[in-house]
Amino acid sequence: MPRHIAIIMDGNGRWAKKRMNIRLFGHRAGAEAVRRAMDCCRRHGVQYLTLYAFSTENWSRPKDEVDGLMNLLRKFLRDNERELIEKECRFRVMGRKADLPEDLQAQIAQVEDATKGFEQQLIVCLSYGGRAEIVDAARRLADEARSGTLDPAAIDEAAFAARMYLPDVPDPDLIIRTSGELRLSNFLLWECAYSELFVTDTLWPDFSEKDFLEAVASFAKRKRRFGGLDASATKPQISDSKSQISKSSDTEGAT
Ligand code: FPP
């Protein structure tokens with residue numbers, strides 16, 4: 001069973017269109033699928049679930065859709081805070097939180113605080129972009145180097161990894177994308193280096209336990225080598241909790 005599953009929840013718009021309805025109808029159904037995915041992870045012992053809910057690029061969608069998505073997030077937090085606490089699930093947001101409406105930022109901070117001790121984690125990516133995350137890490141490194149608290153010569157992969165948004169979260173073992181597109185769309189670009197990928201044609205609002213189990217069964221068949229030569233290769237570590245390709249095991253072309 002993967003310890004960390006990350007999902008690109010795609011296909012809400014197409015799901016709504018098939019039903020001759022507006023895109024927001026699809027996003028609402030998508031929020032129900034989020035609940036199902038959370039249940040699957042809890043029941044099957046997946047500790048981390050990361051969901052790509054709103055990208056840095058999604059701000060360019062029509063205002064109605066953006067406002068509707070922000071309202072859905074407000075509703076999701078209102079409806080689920082108690083259950084997250086009861087089911088001991090830590091809620092975290094990953095992304096440029098400062099871009100979000102202030103009331104939503106406050107609501108997020110409140111739920112993050114109320115759930116912060118729990119081991120099981122639901123991570124929602126909001127105003128998130130993989131490139132933005134790497135740029136933000138680079139800016140932090142540059143600031144620290146400029147102020148003299150970091151020796152530029154000490155900048156290595158571990159230094160970058162430590163400045164990602166959630167450095168304590170292990171990289172995803174499995175990335176699932178719904179609705180059939182074969183691309184990463186700027187999702188977890190740093191963290192996905194050794195993730196296994198699974199793409200299903202199922203549109204996100206239809207995502208069910210059957211799809212979840214199919215993805216996990218496919219993952220179970222993969223041989224993960226992390227740049228090594230056989231299945232006995234273990235995942236190299238940057239630090240206690242963050243994995244990386246260590247200099248010695250980073251052989252070009254090996255997968
Ligand atoms: C991509 O489908 C999906 C999104 C941009 C939004 C995802 C949001 C949710 C699932 C609901 C809210 C989330 C939470 C965590 C409560 P698309 O609109 O690009 O679909 P399309 O490719 O079919 O047009």
# chains A, B, ... in the order shown; residues from 1 in each chain; ligands from 1
$ residues_around --residues "region 99-105 of chain A" --least-positions-apart "2" --cutoff "10 Å" --atoms "only C-alpha atoms" --output "list of chain:residue names"
A:Thr56, A:Trp59, A:Asp67, A:Met70, A:Asn71, A:Leu73, A:Arg74, A:Leu77, A:Val93, A:Gly95, A:Arg96, A:Lys97, A:Gln107, A:Ile108, A:Ala109, A:Gln110, A:Leu126, A:Ser127, A:Tyr128
$ residues_near_ligand --ligand "ligand 1" --cutoff "10 Å" --atoms "only C-alpha atoms and all ligand atoms" --output "ChimeraX atom specification"
/A:8-18,23-35,50-55,57-59,61,65-66,68-77,80,93,122-126,178-181,203-205
$ closest_atom_pairs --of "region 127-222 of chain A" --to "region 40-47 of chain A" --cutoff "9 Å" --atoms "only C-alpha atoms" --output "tab-separated table"
residue	atom	partner	partner_atom	distance
A:Ser208	CA	A:Cys40	CA	8.7
A:Glu209	CA	A:Cys40	CA	6.3
A:Phe212	CA	A:Cys40	CA	7.3
A:Leu213	CA	A:Cys40	CA	8.7
$ write_last_selection --atoms "N, CA and C atoms" --output "PDB file, in the first residue's frame"
ATOM      1  N   SER A 208     -14.298   6.208  -7.661  1.00  0.00           N
ATOM      2  CA  SER A 208     -14.888   5.371  -6.612  1.00  0.00           C
ATOM      3  C   SER A 208     -13.822   4.482  -5.984  1.00  0.00           C
ATOM      4  N   GLU A 209     -14.238   3.686  -5.020  1.00  0.00           N
ATOM      5  CA  GLU A 209     -13.304   2.759  -4.381  1.00  0.00           C
ATOM      6  C   GLU A 209     -12.723   1.779  -5.416  1.00  0.00           C
ATOM      7  N   PHE A 212      -9.862   3.463  -6.993  1.00  0.00           N
ATOM      8  CA  PHE A 212      -8.797   3.543  -5.983  1.00  0.00           C
ATOM      9  C   PHE A 212      -8.058   2.202  -5.903  1.00  0.00           C
ATOM     10  N   LEU A 213      -8.846   1.100  -5.814  1.00  0.00           N
ATOM     11  CA  LEU A 213      -8.228  -0.222  -5.668  1.00  0.00           C
ATOM     12  C   LEU A 213      -7.469  -0.623  -6.932  1.00  0.00           C
TER      13      LEU A 213
END
$ closest_residue --among "A:Gln121, A:Thr202, A:Ser60, A:Asn21" --to "Arg90 (chain A)" --atoms "only C-alpha atoms"
A:Gln121
$ residues_around --residues "Leu166 (chain A)" --least-positions-apart "2" --cutoff "10 Å" --atoms "only C-alpha atoms" --output "PDB file with N, CA and C atoms, in the first residue's frame"
ATOM      1  N   ARG A  92      -4.145  20.115   5.807  1.00  0.00           N
ATOM      2  CA  ARG A  92      -3.105  21.109   5.489  1.00  0.00           C
ATOM      3  C   ARG A  92      -3.308  21.630   4.064  1.00  0.00           C
ATOM      4  N   VAL A  93      -2.950  22.873   3.881  1.00  0.00           N
ATOM      5  CA  VAL A  93      -2.996  23.438   2.535  1.00  0.00           C
ATOM      6  C   VAL A  93      -1.571  23.663   2.063  1.00  0.00           C
ATOM      7  N   MET A  94      -1.353  23.369   0.801  1.00  0.00           N
ATOM      8  CA  MET A  94      -0.032  23.523   0.199  1.00  0.00           C
ATOM      9  C   MET A  94      -0.192  24.461  -0.999  1.00  0.00           C
ATOM     10  N   GLY A  95       0.597  25.518  -1.050  1.00  0.00           N
ATOM     11  CA  GLY A  95       0.487  26.451  -2.169  1.00  0.00           C
ATOM     12  C   GLY A  95       0.683  27.874  -1.673  1.00  0.00           C
ATOM     13  N   ILE A 123      -3.934  16.723   2.434  1.00  0.00           N
ATOM     14  CA  ILE A 123      -3.240  17.932   1.980  1.00  0.00           C
ATOM     15  C   ILE A 123      -3.933  18.429   0.712  1.00  0.00           C
ATOM     16  N   ALA A 161      15.036  20.752  -0.859  1.00  0.00           N
ATOM     17  CA  ALA A 161      13.920  19.949  -0.348  1.00  0.00           C
ATOM     18  C   ALA A 161      13.403  20.515   0.971  1.00  0.00           C
ATOM     19  N   ALA A 162      14.332  20.999   1.775  1.00  0.00           N
ATOM     20  CA  ALA A 162      13.957  21.525   3.100  1.00  0.00           C
ATOM     21  C   ALA A 162      13.168  22.822   2.993  1.00  0.00           C
ATOM     22  N   ARG A 163      13.189  23.441   1.795  1.00  0.00           N
ATOM     23  CA  ARG A 163      12.474  24.717   1.632  1.00  0.00           C
ATOM     24  C   ARG A 163      11.237  24.599   0.744  1.00  0.00           C
ATOM     25  N   MET A 164      10.848  23.356   0.461  1.00  0.00           N
ATOM     26  CA  MET A 164       9.565  23.153  -0.233  1.00  0.00           C
ATOM     27  C   MET A 164       8.432  23.472   0.749  1.00  0.00           C
ATOM     28  N   ASP A 168       8.235  18.197   5.621  1.00  0.00           N
ATOM     29  CA  ASP A 168       8.137  16.999   6.471  1.00  0.00           C
ATOM     30  C   ASP A 168       7.320  15.879   5.823  1.00  0.00           C
ATOM     31  N   VAL A 169       6.650  16.186   4.720  1.00  0.00           N
ATOM     32  CA  VAL A 169       5.788  15.181   4.076  1.00  0.00           C
ATOM     33  C   VAL A 169       6.625  14.362   3.080  1.00  0.00           C
ATOM     34  N   PRO A 170       6.560  13.037   3.168  1.00  0.00           N
ATOM     35  CA  PRO A 170       7.349  12.238   2.211  1.00  0.00           C
ATOM     36  C   PRO A 170       6.831  12.433   0.788  1.00  0.00           C
ATOM     37  N   ASP A 171       7.701  12.250  -0.190  1.00  0.00           N
ATOM     38  CA  ASP A 171       7.279  12.379  -1.587  1.00  0.00           C
ATOM     39  C   ASP A 171       6.167  11.375  -1.890  1.00  0.00           C
ATOM     40  N   LYS A 242      12.547  13.332   4.395  1.00  0.00           N
ATOM     41  CA  LYS A 242      12.383  13.768   3.005  1.00  0.00           C
ATOM     42  C   LYS A 242      13.297  12.953   2.109  1.00  0.00           C
TER      43      LYS A 242
END
$ select_by_dssp --residues "region 168-243 of chain A" --states "helix (DSSP H, G or I)" --output "JSON, numbers by chain"
{"A": [204, 205, 206, 209, 210, 211, 212, 213, 214, 215, 216, 217, 218, 219, 220, 221]}
$ atom_distance --atom1 "CA of Asp64 (chain A)" --atom2 "CA of Ser185 (chain A)"
22.4 Å
